[in-house]
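Below: the structure, in structure tokens.
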Amino acid sequence: MIRVRGIEKRYGSTRALRGVSFEIERGEVVGFLGPNGAGKSTTLRCLAGFLRPDGGEIEVAGRRVDPDDPESRTVLGYLPETTPLYRRMRVLDYLDYVGRVRGMRRRERNQAIGRVVSDCDLHGYEHRRIAHLSRGYRQRVGLAQALLADPEVLLLDEPTSGLDPAEIARIRDLIHQLGETKTVLLSTHILPEVQESARRVLILAEGRLVADGTPVDLARRRSVELHCTFRGPEVEVQSVLSALDTVAGVRLLGGDDDGRFRLALSVTERFQAAEAVSNAAREHGWSLLELHHELPSLERVFLAVTSSEEVSLAESEASGER
């Protein structure tokens with residue numbers, strides 16, 4: 001459905017995008033993450049046909065996206081970070097105006113407006129001026145205009161930015177519903193939002209794609225932690241476990257008044273490490289009360305892959321391939 005091949009974009013001497021490539025299949029909901037300035041919004045603008053990349057190609061539904069060809073963007077719906085709403089207009093008038101700009105006939109516009117008012121839960125707000133709506137409802141109007149032509153692909157740039165928790169939950173539910181019938185690329189800084197809504201994650205850093213996969217797959221590619229609960233001599237336990245070949249690091253998670261304490265072990269091979277920890281506990285007479293593997297959170301994965309060291313490594317590997 002979406003094919004992005006080696007797109008480049010410069011702003012003067014700044015390389016905003018450095019050979020970004022990815023593919024998204026029909027019906028996928030994909031989270032698009034990255035630090036500020038990583039190039040997420042630039043990528044979405046290129047996908048939406050508002051910016052022309054300096055290099056590379058973008059195809060949506062088998063057709064090359066061209067800023068000079070409006071027909072190439074008919075399958076796209078785009079909600080930018082700052083929704084371009086005409087605040088003096090009433091909701092219905094604005095949606096009708098968007099439909100006319102898109103070249104929709106009156107009957108088609110009326111049917112489409114009825115559909116998006118229902119889908120975005122705007123009933124009762126159709127005749128209100130946009131300026132008098134809450135930020136959450138203005139976002140709904142922005143989503144409604146993006147959905148008006150019933151696009152196959154939906155590009156959402158920070159759709160919940162600045163909303164209160166209740167509005168975030170409502171917008172998240174709407175994205176869930178949209179993901180049942182559309183291909184959705186969701187750019188956001190809110191990691192739990194991605195975990196709730198997306199089956200797959202793309203992570204951008206310094207204009208490069210540095211990670212691509214499901215949240216679980218991305219976590220498994222990082223170092224796994226072994227979480228253990230002991231009752232015994234804390235200093236001795238940490239010292240002995242730190243010396244194990246399969247343990248790269250030990251950190252204390254906490255303890256209680258009954259002499260129990262929890263440790264997180266960074267391990268190189270989780271099953272061998274678990275066996276080594278169990279053997280050590282038995283040999284030294286410690287009480288091993290709990291032992292389980294813990295995958296790193298999406299937040300820890302994000303911080304790891306967007307670190308300057310990881311980005312430099314990715315750049316070196318990309319240079320070597322060339």
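How things are named: the first chain in the structure tokens is A, the next is B, and so on; residues count from 1 in each chain; ligands count from 1 in the order shown.
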Please tabulate, as a Markdown table, the residues of region 143-200 of chain A that come within 10 Å of region 287-310 of chain A, each with its closest pair of atoms and the distance in Å to one decimal, counting only C-alpha atoms and ordering rows by chain, then residue number upward.
```
| residue | atom | partner | partner_atom | distance |
| --- | --- | --- | --- | --- |
| A:Ile190 | CA | A:Glu299 | CA | 9.7 |
| A:Leu191 | CA | A:Glu299 | CA | 6.8 |
| A:Pro192 | CA | A:Leu298 | CA | 8.5 |
| A:Val194 | CA | A:Leu298 | CA | 9.2 |
| A:Gln195 | CA | A:Leu298 | CA | 8.0 |
```
Within 8 Å of region 30-41 of chain A using only C-alpha atoms, minus same-chain residues under 2 positions, as a ChimeraX atom specification: /A:16-17,24,28,43-45,81,157,184-189,194,197-208,302,306
Could you write out the selected residues, including N, CA, C and O atoms, as a compact mmCIF listing (two decimals), in the first residue's frame?
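Full text of selection.txt as output:
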```txt
# COMPACT_ATOMS: atom_id res chain seq x y z
N ALA A 16 17.42 16.65 6.47
CA ALA A 16 16.30 16.26 7.32
C ALA A 16 15.98 14.78 7.19
O ALA A 16 15.60 14.12 8.17
N LEU A 17 16.12 14.23 5.97
CA LEU A 17 15.90 12.81 5.72
C LEU A 17 17.09 12.23 4.99
O LEU A 17 17.58 12.83 4.02
N ILE A 24 4.54 -0.35 4.02
CA ILE A 24 3.40 -0.60 4.90
C ILE A 24 2.32 -1.27 4.07
O ILE A 24 1.94 -0.76 3.01
N GLU A 28 -2.57 -2.19 7.82
CA GLU A 28 -1.67 -2.06 8.97
C GLU A 28 -1.89 -0.73 9.69
O GLU A 28 -2.13 0.30 9.05
N THR A 43 8.70 13.54 6.77
CA THR A 43 8.33 12.31 6.07
C THR A 43 6.84 12.30 5.73
O THR A 43 6.44 11.97 4.61
N LEU A 44 5.99 12.67 6.70
CA LEU A 44 4.55 12.67 6.46
C LEU A 44 4.17 13.69 5.39
O LEU A 44 3.29 13.43 4.56
N ARG A 45 4.82 14.86 5.41
CA ARG A 45 4.52 15.86 4.38
C ARG A 45 4.91 15.38 3.00
O ARG A 45 4.23 15.68 2.02
N GLU A 81 0.06 18.14 12.17
CA GLU A 81 0.17 18.42 13.61
C GLU A 81 -0.65 19.64 14.00
O GLU A 81 -1.32 19.65 15.03
N ASP A 157 -0.49 13.09 12.22
CA ASP A 157 0.69 13.69 12.84
C ASP A 157 0.32 14.28 14.19
O ASP A 157 -0.35 15.30 14.27
N VAL A 184 -3.08 2.98 8.42
CA VAL A 184 -2.86 4.17 9.25
C VAL A 184 -1.38 4.27 9.63
O VAL A 184 -0.80 3.31 10.12
N LEU A 185 -0.81 5.47 9.39
CA LEU A 185 0.53 5.78 9.88
C LEU A 185 0.38 6.87 10.92
O LEU A 185 -0.05 7.99 10.61
N LEU A 186 0.71 6.53 12.16
CA LEU A 186 0.44 7.38 13.32
C LEU A 186 1.75 7.90 13.90
O LEU A 186 2.52 7.15 14.48
N SER A 187 1.99 9.20 13.75
CA SER A 187 3.17 9.84 14.33
C SER A 187 2.80 10.44 15.68
O SER A 187 1.82 11.17 15.79
N THR A 188 3.59 10.12 16.71
CA THR A 188 3.27 10.61 18.05
C THR A 188 4.51 10.56 18.93
O THR A 188 5.46 9.82 18.66
N HIS A 189 4.48 11.36 20.02
CA HIS A 189 5.51 11.28 21.05
C HIS A 189 5.04 10.43 22.23
O HIS A 189 5.81 10.18 23.16
N VAL A 194 1.09 4.41 21.10
CA VAL A 194 1.54 3.49 20.06
C VAL A 194 1.30 2.05 20.50
O VAL A 194 0.83 1.20 19.72
N SER A 197 -2.37 1.30 20.07
CA SER A 197 -3.00 1.43 18.76
C SER A 197 -2.29 0.69 17.63
O SER A 197 -2.94 0.30 16.65
N ALA A 198 -0.98 0.53 17.72
CA ALA A 198 -0.20 0.05 16.56
C ALA A 198 0.32 -1.36 16.77
O ALA A 198 0.74 -1.73 17.87
N ARG A 199 0.32 -2.13 15.69
CA ARG A 199 0.91 -3.48 15.74
C ARG A 199 2.38 -3.46 15.36
O ARG A 199 3.09 -4.43 15.59
N ARG A 200 2.81 -2.36 14.76
CA ARG A 200 4.18 -2.26 14.27
C ARG A 200 4.69 -0.84 14.53
O ARG A 200 3.91 0.10 14.58
N VAL A 201 6.01 -0.70 14.68
CA VAL A 201 6.61 0.59 15.02
C VAL A 201 7.77 0.89 14.08
O VAL A 201 8.61 0.01 13.81
N LEU A 202 7.82 2.12 13.57
CA LEU A 202 8.98 2.66 12.86
C LEU A 202 9.59 3.73 13.75
O LEU A 202 8.86 4.58 14.28
N ILE A 203 10.91 3.71 13.93
CA ILE A 203 11.58 4.73 14.75
C ILE A 203 12.61 5.44 13.89
O ILE A 203 13.47 4.82 13.27
N LEU A 204 12.50 6.77 13.90
CA LEU A 204 13.39 7.63 13.11
C LEU A 204 14.29 8.40 14.06
O LEU A 204 13.86 8.83 15.14
N ALA A 205 15.55 8.59 13.68
CA ALA A 205 16.48 9.40 14.48
C ALA A 205 17.46 10.07 13.52
O ALA A 205 18.06 9.39 12.67
N GLU A 206 17.58 11.39 13.65
CA GLU A 206 18.50 12.17 12.81
C GLU A 206 18.32 11.88 11.32
O GLU A 206 19.27 11.76 10.57
N GLY A 207 17.04 11.76 10.93
CA GLY A 207 16.73 11.56 9.52
C GLY A 207 16.90 10.16 9.00
O GLY A 207 16.74 9.92 7.80
N ARG A 208 17.22 9.19 9.87
CA ARG A 208 17.40 7.80 9.45
C ARG A 208 16.39 6.90 10.15
O ARG A 208 16.05 7.12 11.32
N PHE A 302 13.16 2.68 22.65
CA PHE A 302 13.23 3.97 21.97
C PHE A 302 14.48 4.75 22.37
O PHE A 302 15.21 5.27 21.52
N THR A 306 17.65 5.45 19.65
CA THR A 306 17.82 6.85 19.24
C THR A 306 19.02 7.52 19.91
O THR A 306 19.24 8.71 19.73
```
Trp286 (chain A) surroundings by only C-alpha atoms, 10 Å radius, close-in-sequence under 4 positions cut, as a PyMOL selection string: chain A and resi 230-234+236-237+278+280-282
Produce a file of the selected residues containing C-alpha atoms, as a PDB file, in the first residue's frame.
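Result written to again_8.pdb:
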```pdb
ATOM      1  CA  PHE A 230      15.781 -13.468  46.937  1.00  0.00           C
ATOM      2  CA  ARG A 231      15.936 -13.834  50.672  1.00  0.00           C
ATOM      3  CA  GLY A 232      19.560 -13.991  51.767  1.00  0.00           C
ATOM      4  CA  PRO A 233      22.743 -11.924  52.154  1.00  0.00           C
ATOM      5  CA  GLU A 234      22.161  -9.109  49.647  1.00  0.00           C
ATOM      6  CA  GLU A 236      26.946 -11.664  48.662  1.00  0.00           C
ATOM      7  CA  VAL A 237      24.130 -12.422  46.216  1.00  0.00           C
ATOM      8  CA  SER A 278      19.226 -21.171  40.127  1.00  0.00           C
ATOM      9  CA  ALA A 280      24.122 -20.342  42.441  1.00  0.00           C
ATOM     10  CA  ALA A 281      21.162 -19.989  44.806  1.00  0.00           C
ATOM     11  CA  ARG A 282      21.192 -23.706  45.552  1.00  0.00           C
TER      12      ARG A 282
END
```
Shell of 10 Å around Glu108 (chain A), only C-alpha atoms, local chain residues under 5 positions omitted, as a list in words: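 Here the answer would be Gly99, Gly103, Ile113, Leu148 and Ala149 of chain A.
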Distance query region 55-68 of chain A at most 10 Å, only C-alpha atoms, self and fewer than 2 positions along chain excluded, as number ranges by chain: A: 1-10, 17-26, 46-53, 70-76, 152-153
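If only C-alpha atoms are the atoms counted, then among A:Cys228, A:Ala243, A:Ala276, A:Ile130 the closest residue to Phe261 (chain A) is A:Cys228.
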Every residue of region 233-279 of chain A that DSSP places in strand (DSSP E or B), as a list in words: Val247, Ala248, Gly249, Val250, Arg251, Leu252, Leu253, Gly254, Gly255, Arg260, Phe261, Arg262, Leu263, Ala264, Leu265, Ser266 and Val267 of chain A
Would you save the residues of that selection, restricted to all heavy atoms, as a compact mmCIF listing (two decimals), in the first residue's frame?
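Dumped to result15.txt:
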```
# COMPACT_ATOMS: atom_id res chain seq x y z
N VAL A 247 25.90 -13.09 32.95
CA VAL A 247 25.31 -11.88 33.52
C VAL A 247 26.21 -10.69 33.22
O VAL A 247 27.38 -10.67 33.58
CB VAL A 247 25.11 -12.02 35.05
CG1 VAL A 247 24.60 -10.70 35.65
CG2 VAL A 247 24.12 -13.15 35.34
N ALA A 248 25.62 -9.68 32.52
CA ALA A 248 26.40 -8.50 32.14
C ALA A 248 26.30 -7.37 33.15
O ALA A 248 27.14 -6.47 33.17
CB ALA A 248 25.94 -7.99 30.76
N GLY A 249 25.28 -7.42 34.00
CA GLY A 249 25.11 -6.35 34.99
C GLY A 249 24.03 -6.70 35.99
O GLY A 249 23.12 -7.48 35.69
N VAL A 250 24.12 -6.13 37.20
CA VAL A 250 23.15 -6.39 38.27
C VAL A 250 22.73 -5.05 38.85
O VAL A 250 23.58 -4.20 39.13
CB VAL A 250 23.76 -7.27 39.39
CG1 VAL A 250 22.74 -7.47 40.51
CG2 VAL A 250 24.22 -8.60 38.84
N ARG A 251 21.42 -4.85 39.02
CA ARG A 251 20.96 -3.64 39.71
C ARG A 251 19.84 -4.01 40.68
O ARG A 251 19.05 -4.92 40.43
CB ARG A 251 20.50 -2.56 38.73
CG ARG A 251 19.37 -2.93 37.83
CD ARG A 251 19.16 -1.87 36.73
NE ARG A 251 18.12 -2.28 35.81
CZ ARG A 251 16.84 -1.97 35.90
NH1 ARG A 251 16.44 -1.20 36.92
NH2 ARG A 251 15.97 -2.38 35.02
N LEU A 252 19.83 -3.30 41.78
CA LEU A 252 18.84 -3.54 42.84
C LEU A 252 17.55 -2.81 42.50
O LEU A 252 17.55 -1.60 42.24
CB LEU A 252 19.40 -3.06 44.18
CG LEU A 252 18.50 -3.23 45.40
CD1 LEU A 252 18.29 -4.71 45.71
CD2 LEU A 252 19.10 -2.49 46.61
N LEU A 253 16.43 -3.54 42.54
CA LEU A 253 15.13 -2.94 42.25
C LEU A 253 14.41 -2.51 43.52
O LEU A 253 13.56 -1.62 43.49
CB LEU A 253 14.24 -3.93 41.49
CG LEU A 253 14.73 -4.34 40.09
CD1 LEU A 253 13.80 -5.38 39.49
CD2 LEU A 253 14.82 -3.12 39.18
N GLY A 254 14.74 -3.14 44.65
CA GLY A 254 14.07 -2.78 45.89
C GLY A 254 14.08 -3.93 46.87
O GLY A 254 14.49 -5.05 46.55
N GLY A 255 13.61 -3.66 48.09
CA GLY A 255 13.56 -4.68 49.13
C GLY A 255 12.45 -4.38 50.11
O GLY A 255 11.73 -3.38 49.98
N ARG A 260 13.46 -9.68 51.99
CA ARG A 260 13.40 -9.99 50.56
C ARG A 260 13.91 -8.80 49.76
O ARG A 260 13.71 -7.65 50.15
CB ARG A 260 11.96 -10.30 50.14
CG ARG A 260 11.40 -11.58 50.73
CD ARG A 260 10.02 -11.87 50.16
NE ARG A 260 9.05 -10.87 50.61
CZ ARG A 260 8.16 -11.08 51.57
NH1 ARG A 260 8.11 -12.24 52.19
NH2 ARG A 260 7.32 -10.13 51.92
N PHE A 261 14.56 -9.09 48.65
CA PHE A 261 15.01 -8.02 47.76
C PHE A 261 14.95 -8.50 46.32
O PHE A 261 15.04 -9.70 46.05
CB PHE A 261 16.43 -7.55 48.11
CG PHE A 261 17.47 -8.62 48.08
CD1 PHE A 261 18.24 -8.86 46.94
CD2 PHE A 261 17.70 -9.41 49.20
CE1 PHE A 261 19.19 -9.85 46.91
CE2 PHE A 261 18.66 -10.41 49.18
CZ PHE A 261 19.41 -10.64 48.04
N ARG A 262 14.76 -7.54 45.40
CA ARG A 262 14.60 -7.86 43.98
C ARG A 262 15.78 -7.30 43.20
O ARG A 262 16.22 -6.17 43.42
CB ARG A 262 13.30 -7.28 43.43
CG ARG A 262 12.05 -7.89 44.06
CD ARG A 262 10.78 -7.26 43.52
NE ARG A 262 10.65 -7.50 42.08
CZ ARG A 262 10.45 -6.55 41.18
NH1 ARG A 262 10.40 -5.28 41.55
NH2 ARG A 262 10.32 -6.86 39.90
N LEU A 263 16.29 -8.13 42.26
CA LEU A 263 17.39 -7.73 41.41
C LEU A 263 16.99 -7.85 39.94
O LEU A 263 16.21 -8.73 39.57
CB LEU A 263 18.61 -8.64 41.65
CG LEU A 263 19.22 -8.66 43.05
CD1 LEU A 263 20.35 -9.68 43.10
CD2 LEU A 263 19.72 -7.27 43.44
N ALA A 264 17.54 -6.96 39.13
CA ALA A 264 17.40 -7.04 37.67
C ALA A 264 18.77 -7.37 37.10
O ALA A 264 19.74 -6.65 37.34
CB ALA A 264 16.88 -5.73 37.10
N LEU A 265 18.86 -8.46 36.37
CA LEU A 265 20.12 -8.90 35.78
C LEU A 265 20.07 -8.70 34.27
O LEU A 265 19.15 -9.19 33.61
CB LEU A 265 20.38 -10.38 36.08
CG LEU A 265 20.15 -10.88 37.51
CD1 LEU A 265 20.48 -12.37 37.59
CD2 LEU A 265 20.98 -10.08 38.50
N SER A 266 21.05 -7.98 33.73
CA SER A 266 21.19 -7.89 32.27
C SER A 266 21.93 -9.14 31.83
O SER A 266 23.03 -9.42 32.31
CB SER A 266 21.99 -6.64 31.88
OG SER A 266 21.29 -5.48 32.26
N VAL A 267 21.30 -9.91 30.93
CA VAL A 267 21.86 -11.22 30.60
C VAL A 267 22.11 -11.35 29.10
O VAL A 267 21.46 -10.68 28.29
CB VAL A 267 20.92 -12.36 31.07
CG1 VAL A 267 20.75 -12.31 32.58
CG2 VAL A 267 19.57 -12.29 30.38
```
Which residue of A:Val240, A:Leu226, A:Leu155, A:Leu174 approaches Ala274 (chain A) most closely, using only C-alpha atoms: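 Looking at the shortest contact to Ala274 (chain A), the residue is A:Leu226.
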Distance in Å - CA of Pro80 (chain A) versus CA of Gly142 (chain A):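 Distance reported for this atom pair: 8.5 Å.
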Length of the CA of Tyr97 (chain A) to CA of Arg140 (chain A) vector [Å]: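 Going from CA of Tyr97 (chain A) over to CA of Arg140 (chain A) covers 16.4 Å.
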Counting only C-alpha atoms, the option among A:Ile175, A:Pro84, A:Gly136, A:Arg270 closest to Gly162 (chain A): A:Gly136
